[in-house]
Amino acid sequence: MAPLDKNDASGSSADKGAADASSPDPLEIPRLSCGAMADLHSFEAAPEHNELLGFPGELLPNWKEVAIAKMGELAEKNRAFRVYLDTCVKCGACTDKCHYFLGTGDPKNMPVARQDLLRSVYRRYFTFAGKYFPKLVGARDLTREVLDEWYTYYHQCSQCRRCAVSCPYGIDTAEISMAAREILDSVGVGQKYCNEIIGKVKKTGNNLGLNPKALRATLDDLEEDLLDDTGVEVKIPLDQKGAEILLITPSADFFAEPHIDGLLGYAKVFHSAGVSWTLSSYASEAANFGMFIGSYENMREVAWRIRQAAKDLGVRRIIFGECGHAWRVAYSFLNTLAGPFDFLDQNYPIPQHILEFTLDEIESGRLKIDKSKNDDYVMTFHDSCNVARGAAMGREEGGQFEVPRKVLRAVCNHYHDMDPDTIRENTFCCGGGGGLLTDDLMDLRIKGAKPRMNALRKATEEHGVTHMAAICAICKTQFSKVMPKYGYGMDRIMSVHQLVANAVILEKRETDAAEKPVAEEST
Amino acid sequence: MLSTLYAVLFYVATILLVVGVTRKVIIYARTPAPLKIPVSPAPRTRAGVVMRMLREVLLFQSLFRSNKWIWAFGFLFHWSMLLVLLRHLRYFTEPVWWWVSLIQPFGIYAGFTMLAGLLGLLARRIVQERIRYISGPSDYLMLALLILIVLSGLAMRFVAPTDIVAVKAYMLGLLRFRILELPAAAPLLVHLASVAVLMIVFPISKLMHAPGLFFAPSRTQVDNAREFRHKTAWADQLPPLPDDIPARGES
Ligand code: SF4
Ligand code: SF4
């Protein structure tokens, strides 16, 4: 049995455990533990935060009618929603794929069971079988308890799409979870963490509520650090009109560790490439939590700021910093939401990922690298779920896996992949994605990180891996919080561009580097 | 009397099946997908997507990667069913097409492998705790119905041989809107009735996974969002946003 179905707890886990008792199995399947996470209900948003996003402040008196109408509207407007609710055959292939199920054992965290929370109601009101034979097809009425259950379990899904890869019909629970959150918002039950953050972006341009003055001051400090560190005047320009490149990066890059080190890495790469670039205070945020709450309108509004900033600053290219879901919105949605970008230079991908840029610089030989600078680290790479399964890089299929690995191998001497079932398209979410990176969900975040942490442990035991690199602000924050729970220091998570920054050899220049075009830089 | 009853049943079932599935497919096709959501890594070209779908439809690629047991039983069941269905063409054609005659011997035994696949799927549904948790009455009934169809079909051949020539005459008659005599043999009546039930529930049940598969944006979309702007009518009608940055309060 074991070789045919190695993921199956009901039979093979015993002999497996005996074979390698020391190495934890990242794919170990727990027994069902009904209701294990039923009480973990993340904080609901205050009325003003819901209203700022165009939602009712509090639960509407006629919430039930509104919710059902919204469900109907989604079925009209979104093919994925309609088709996914119809086509599931309950084969069970997805049941052991969710990190939250693997970490908690709560059966409602199995992807198909999570979908069913909503599917059961959809069937009741929108399908023949559910209207006339509800018991037979598991259809149920929409009640307050059901609404609460939705809130609870649709905020225990990080929309990572690992289940979608495994489903024979491509059913993507993330789409259902986004839709559920949209329905919840439309009746006045929003989530505090997501809705507050979207509100901040709308007011200040970033998730932190950082105003332009404070942002400039932070960047000045970083420039000083860079000068002290390298002896070279590496600039981090803000709102510089006429720059060639607009860099859109998650605001965590301005203040959190190890994110900042990534930002310093981008600055060094741009400096060494000799291109002019700038950040924007108006669009000082790559993250777009509009996706998490499934709100097309809010997502469009947040994304639109990038278009406005690009036009206002007169840039010719847009490059995104290291952020997972932001890259999904950028790569897959930006053209739709805020395009067409006919005013940008069409010779470059729109938008481009910083890793694509850096890899070009490395491969062309323009970026000088001293790999030995990273010899203290034995690295591995955590594929961020949204990059792995919701976006791409480069020109080849699967470029989102190769580009970061090529960069890492170019700047580090010691690199090893983790268990193949936990990387690339099979990667596990860090446990904090999809709008769950909030302290009130800490219990879930720690448990949800288990598969990844076990895979890392295995890599540590097998290859002596010491550090893990990531390209997502949420992953980085999440890991620096939960790694200590799994016996790793919080500094064991690194930005990919942090490693680039360590290895880059900067040359002092006499002229103002920022004004020089790229071509003249090649050696 | 019996012949007429079954004739009506089959006409009704056929109409419900065709109209029901067509209606659903039209709805699927008309419902827009507002965003590019292929599950990546995804093909960058249309031709690549066609290949991806072929691998899904013919080999159940994703299922193979995610669960070997379900894949094995599902694959066995579906491919056996295809053989069995093709074999059944002999009851609706005169003369029988050459390739239908060719697969006839395999088609007969495919009935057994189809049964094996179904029993395997049923066993997993019952034995495997996680799948039992997500299974509802309709999921068991659907398997039971399929098993009934197979068993009654096999019984017609191996237990109580039915006058298959008369059955064929009856079927050819139905195709020409003429109702001939249907042999009143129990396995045959059960077989035909359960097939008719399956046809009727097809459009209102999870059997819609068959056509639905071709409308899942996660698999059918091309990964080319940066190159081509994906647009949707309803999204185009949203109120326009300002292109320049409005004056800011703070500096
Ligand atoms: S999208 Fe990710 S978090 Fe959500 S159910 Fe699927 S595997 Fe779990
Ligand atoms: S893998 Fe797909 S069809 Fe199977 S149970 Fe999960 S969602 Fe349903």
# chains A, B, ... in the order shown; residues from 1 in each chain; ligands from 1
$ residues_near_ligand --ligand "ligand 1" --cutoff "6 Å" --atoms "only C-alpha atoms and all ligand atoms" --output "number ranges by chain"
A: 97-98, 111, 157-163, 173-174
$ residues_near_ligand --ligand "ligand 2" --cutoff "8 Å" --atoms "only C-alpha atoms and all ligand atoms" --output "list in words"
Tyr84, Thr87, Cys88, Val89, Lys90, Cys91, Gly92, Ala93, Cys94, Thr95, Pro111, Val112, Gln115, Cys163, Ala164, Ser166, Cys167, Pro168, Tyr169, Gly170, Ile171, Asp172 and Thr173 of chain A; Leu63 and Ile134 of chain B
$ residues_around --residues "region 345-356 of chain A" --least-positions-apart "3" --cutoff "10 Å" --atoms "only C-alpha atoms" --output "ChimeraX atom specification"
/A:244,246-249,266,269-270,315-323,327,330-332,334-335,339-342,359-362,392-395,399-400,403-407,471,496-497 /B:225-227
$ closest_residue --among "A:Pro56, A:Gly105, A:Gly209, A:Gly274" --to "Ala252 (chain A)" --atoms "only C-alpha atoms"
A:Gly209
$ atom_distance --atom1 "CA of Pro203 (chain B)" --atom2 "CA of Pro134 (chain A)"
16.5 Å
$ select_by_dssp --residues "region 41-201 of chain B" --states "alpha helix (DSSP H)" --output "PyMOL selection string"
chain B and resi 46-59+61-66+68-87+98-127+129-134+137-158+164-175+186-201
$ closest_residue --among "A:Glu233, A:Glu301, A:Asp491, A:Glu285" --to "chain B" --atoms "only C-alpha atoms"
A:Glu301
$ select_by_dssp --residues "region 263-382 of chain A" --states "strand (DSSP E)" --output "number ranges by chain"
A: 277-278, 317-320, 352-353, 379-381
$ residues_around --residues "region 230-235 of chain B" --least-positions-apart "3" --cutoff "6 Å" --atoms "only C-alpha atoms" --output "list in words"
Thr336 of chain A; Pro34 and Leu238 of chain B
$ write_last_selection --atoms "N, CA, C and O atoms" --output "mmCIF file, in the first residue's frame"
data_model
loop_
_atom_site.group_PDB
_atom_site.id
_atom_site.type_symbol
_atom_site.label_atom_id
_atom_site.label_comp_id
_atom_site.auth_asym_id
_atom_site.auth_seq_id
_atom_site.Cartn_x
_atom_site.Cartn_y
_atom_site.Cartn_z
ATOM 1 N N THR A 336 -5.421 43.930 -16.600
ATOM 2 C CA THR A 336 -6.874 43.956 -16.663
ATOM 3 C C THR A 336 -7.432 45.102 -15.823
ATOM 4 O O THR A 336 -8.304 45.853 -16.262
ATOM 5 N N PRO B 34 -13.885 37.170 -15.010
ATOM 6 C CA PRO B 34 -13.392 38.554 -15.020
ATOM 7 C C PRO B 34 -11.872 38.694 -14.944
ATOM 8 O O PRO B 34 -11.339 39.711 -15.353
ATOM 9 N N LEU B 238 -17.658 49.526 -15.200
ATOM 10 C CA LEU B 238 -17.477 50.154 -13.889
ATOM 11 C C LEU B 238 -17.138 51.627 -14.096
ATOM 12 O O LEU B 238 -16.532 51.993 -15.100
#
$ atom_distance --atom1 "CA of Leu27 (chain A)" --atom2 "CA of Cys429 (chain A)"
13.1 Å
$ atom_distance --atom1 "CA of Asn413 (chain A)" --atom2 "CA of Pro258 (chain A)"
20.5 Å
$ closest_residue --among "A:Glu397, A:Asp312, A:Leu85, A:Ile68" --to "Asn224 (chain B)" --atoms "only C-alpha atoms"
A:Glu397
$ residues_around --residues "region 169-183 of chain B" --least-positions-apart "3" --cutoff "9 Å" --atoms "only C-alpha atoms" --output "PyMOL selection string"
chain B and resi 2-4+6-7+10-11+91-94+162-166+188-189
$ closest_residue --among "A:Gly205, A:Gly464, A:Gly390, A:Gly487" --to "chain B" --atoms "only C-alpha atoms"
A:Gly390
$ residues_around --residues "Gly489 (chain A)" --least-positions-apart "5" --cutoff "10 Å" --atoms "only C-alpha atoms" --output "short mmCIF file (atom, residue, chain, number, x, y, z; two decimals) with all heavy atoms, in the first residue's frame"
data_model
loop_
_atom_site.label_atom_id
_atom_site.label_comp_id
_atom_site.auth_asym_id
_atom_site.auth_seq_id
_atom_site.Cartn_x
_atom_site.Cartn_y
_atom_site.Cartn_z
N THR A 466 20.64 25.97 6.72
CA THR A 466 20.55 26.86 7.89
C THR A 466 19.51 27.95 7.71
O THR A 466 18.89 28.38 8.67
CB THR A 466 21.90 27.54 8.16
OG1 THR A 466 22.25 28.31 6.99
CG2 THR A 466 22.99 26.52 8.44
N HIS A 467 19.35 28.42 6.49
CA HIS A 467 18.48 29.57 6.26
C HIS A 467 17.54 29.31 5.08
O HIS A 467 17.85 28.54 4.18
CB HIS A 467 19.29 30.83 5.97
CG HIS A 467 20.01 31.36 7.16
ND1 HIS A 467 21.13 30.75 7.68
CD2 HIS A 467 19.78 32.45 7.94
CE1 HIS A 467 21.55 31.43 8.73
NE2 HIS A 467 20.75 32.49 8.91
N PHE A 479 7.14 33.90 8.84
CA PHE A 479 8.19 32.98 9.28
C PHE A 479 9.00 33.57 10.43
O PHE A 479 9.39 32.86 11.35
CB PHE A 479 9.11 32.61 8.11
CG PHE A 479 8.50 31.61 7.17
CD1 PHE A 479 8.48 31.81 5.81
CD2 PHE A 479 7.92 30.45 7.67
CE1 PHE A 479 7.91 30.88 4.95
CE2 PHE A 479 7.35 29.50 6.83
CZ PHE A 479 7.34 29.73 5.46
N SER A 480 9.25 34.88 10.39
CA SER A 480 10.04 35.42 11.48
C SER A 480 9.26 35.31 12.80
O SER A 480 9.84 35.23 13.87
CB SER A 480 10.48 36.86 11.20
OG SER A 480 9.37 37.69 11.03
N LYS A 481 7.94 35.24 12.71
CA LYS A 481 7.12 35.04 13.92
C LYS A 481 7.05 33.57 14.34
O LYS A 481 7.14 33.26 15.51
CB LYS A 481 5.69 35.54 13.66
CG LYS A 481 5.48 37.01 13.95
CD LYS A 481 5.01 37.24 15.38
CE LYS A 481 5.06 38.70 15.81
NZ LYS A 481 4.11 39.54 15.08
N VAL A 482 6.84 32.68 13.36
CA VAL A 482 6.56 31.29 13.76
C VAL A 482 7.79 30.38 13.79
O VAL A 482 7.75 29.33 14.42
CB VAL A 482 5.47 30.63 12.88
CG1 VAL A 482 4.20 31.44 12.88
CG2 VAL A 482 5.96 30.40 11.46
N MET A 483 8.86 30.79 13.13
CA MET A 483 10.04 29.91 13.13
C MET A 483 10.54 29.58 14.53
O MET A 483 10.91 28.44 14.81
CB MET A 483 11.14 30.48 12.25
CG MET A 483 10.93 30.15 10.78
SD MET A 483 12.15 30.95 9.75
CE MET A 483 13.01 29.54 9.08
N PRO A 484 10.56 30.58 15.43
CA PRO A 484 11.00 30.25 16.80
C PRO A 484 10.18 29.12 17.44
O PRO A 484 10.72 28.36 18.25
CB PRO A 484 10.81 31.57 17.54
CG PRO A 484 10.96 32.62 16.50
CD PRO A 484 10.34 32.02 15.26
#
$ residues_around --residues "Gly120 (chain B)" --least-positions-apart "5" --cutoff "12 Å" --atoms "only C-alpha atoms" --output "tab-separated table (two decimals) with C-alpha atoms, in the first residue's frame"
chain	number	residue	atom	x	y	z
A	91	CYS	CA	-13.51	12.44	-4.99
B	69	TRP	CA	-5.62	5.26	-5.43
B	70	ILE	CA	-8.41	7.52	-6.58
B	71	TRP	CA	-6.67	7.88	-9.89
B	72	ALA	CA	-6.36	4.12	-10.34
B	73	PHE	CA	-10.02	3.42	-9.60
B	74	GLY	CA	-11.30	6.49	-11.40
B	75	PHE	CA	-9.18	5.80	-14.46
B	76	LEU	CA	-10.25	2.17	-14.59
B	77	PHE	CA	-13.90	3.10	-14.21
B	113	THR	CA	-13.29	-3.66	-14.89
B	114	MET	CA	-15.85	-0.88	-14.73
B	115	LEU	CA	-17.44	-2.65	-11.80
B	125	ARG	CA	-15.62	6.47	0.20
B	126	ILE	CA	-16.54	4.18	3.06
B	127	VAL	CA	-13.13	3.22	4.43
B	128	GLN	CA	-11.18	6.45	4.12
B	143	LEU	CA	-22.26	5.04	-7.14
B	147	ILE	CA	-23.20	-0.26	-9.95
$ closest_residue --among "A:Gly138, A:Pro26, A:Gly265, A:Gly130" --to "chain B" --atoms "only C-alpha atoms"
A:Gly138
$ closest_residue --among "B:Lys36, B:Arg87, B:Arg52, B:Arg157" --to "chain A" --atoms "only C-alpha atoms"
B:Lys36
$ decode --residues "region 362-449 of chain A" --atoms "C-alpha atoms" --output "compact mmCIF listing (two decimals), in the first residue's frame"
# COMPACT_ATOMS: atom_id res chain seq x y z
CA ILE A 362 23.51 38.73 -13.50
CA GLU A 363 23.30 36.77 -16.73
CA SER A 364 24.55 39.68 -18.81
CA GLY A 365 27.54 39.95 -16.48
CA ARG A 366 26.74 43.54 -15.56
CA LEU A 367 26.21 42.72 -11.90
CA LYS A 368 29.47 41.80 -10.18
CA ILE A 369 29.02 39.06 -7.61
CA ASP A 370 31.17 37.67 -4.83
CA LYS A 371 29.38 34.48 -3.86
CA SER A 372 31.66 33.77 -0.94
CA LYS A 373 30.00 36.63 0.94
CA ASN A 374 27.13 34.24 1.58
CA ASP A 375 29.26 31.30 2.59
CA ASP A 376 27.92 31.43 6.14
CA TYR A 377 24.55 30.31 4.88
CA VAL A 378 23.30 27.00 3.60
CA MET A 379 20.21 28.16 1.75
CA THR A 380 16.92 26.77 0.68
CA PHE A 381 14.03 28.53 -1.04
CA HIS A 382 10.39 28.76 -0.02
CA ASP A 383 8.21 29.14 -3.13
CA SER A 384 5.51 31.61 -2.19
CA CYS A 385 2.12 30.19 -3.03
CA ASN A 386 0.81 33.15 -4.99
CA VAL A 387 3.93 33.37 -7.12
CA ALA A 388 4.08 29.62 -7.63
CA ARG A 389 0.44 28.98 -8.52
CA GLY A 390 -1.06 32.36 -9.33
CA ALA A 391 1.59 34.06 -11.41
CA ALA A 392 4.75 33.46 -13.40
CA MET A 393 8.09 34.97 -14.30
CA GLY A 394 10.29 34.97 -17.34
CA ARG A 395 9.27 33.66 -20.72
CA GLU A 396 9.15 29.93 -20.04
CA GLU A 397 6.40 28.00 -18.32
CA GLY A 398 7.53 27.51 -14.74
CA GLY A 399 9.84 30.52 -14.82
CA GLN A 400 8.57 31.52 -11.37
CA PHE A 401 10.46 28.52 -9.99
CA GLU A 402 13.62 28.87 -12.05
CA VAL A 403 14.23 32.60 -11.91
CA PRO A 404 14.56 32.82 -8.10
CA ARG A 405 16.62 29.64 -7.95
CA LYS A 406 18.95 30.89 -10.67
CA VAL A 407 19.47 34.11 -8.77
CA LEU A 408 20.06 32.26 -5.50
CA ARG A 409 22.53 29.89 -7.09
CA ALA A 410 24.30 32.84 -8.64
CA VAL A 411 24.80 34.57 -5.31
CA CYS A 412 25.26 31.63 -2.89
CA ASN A 413 27.58 28.65 -2.94
CA HIS A 414 25.35 26.48 -0.80
CA TYR A 415 21.84 25.85 -1.98
CA HIS A 416 19.50 22.86 -1.56
CA ASP A 417 15.84 22.39 -2.38
CA MET A 418 13.42 21.03 0.18
CA ASP A 419 11.28 17.88 -0.30
CA PRO A 420 9.97 17.93 -3.90
CA ASP A 421 6.38 17.50 -2.70
CA THR A 422 6.65 20.79 -0.82
CA ILE A 423 8.18 23.10 -3.40
CA ARG A 424 7.38 24.56 -6.80
CA GLU A 425 3.70 24.03 -7.70
CA ASN A 426 3.34 21.78 -4.64
CA THR A 427 4.64 24.44 -2.30
CA PHE A 428 2.95 25.03 1.03
CA CYS A 429 1.68 28.42 2.03
CA CYS A 430 3.70 29.94 4.86
CA GLY A 431 0.54 29.84 6.97
CA GLY A 432 -0.05 33.58 7.07
CA GLY A 433 -1.26 34.42 3.55
CA GLY A 434 -4.65 35.49 2.28
CA GLY A 435 -5.34 38.10 4.95
CA LEU A 436 -4.59 35.86 7.93
CA LEU A 437 -1.38 37.56 9.01
CA THR A 438 -2.95 38.89 12.16
CA ASP A 439 -2.22 38.13 15.81
CA ASP A 440 -5.77 37.01 16.49
CA LEU A 441 -5.14 34.06 14.17
CA MET A 442 -1.74 33.19 15.65
CA ASP A 443 -2.84 29.72 16.69
CA LEU A 444 -3.84 28.92 13.10
CA ARG A 445 -0.69 30.52 11.72
CA ILE A 446 1.56 28.38 13.87
CA LYS A 447 -0.30 25.18 13.04
CA GLY A 448 -0.55 26.05 9.35
CA ALA A 449 3.21 26.52 9.12
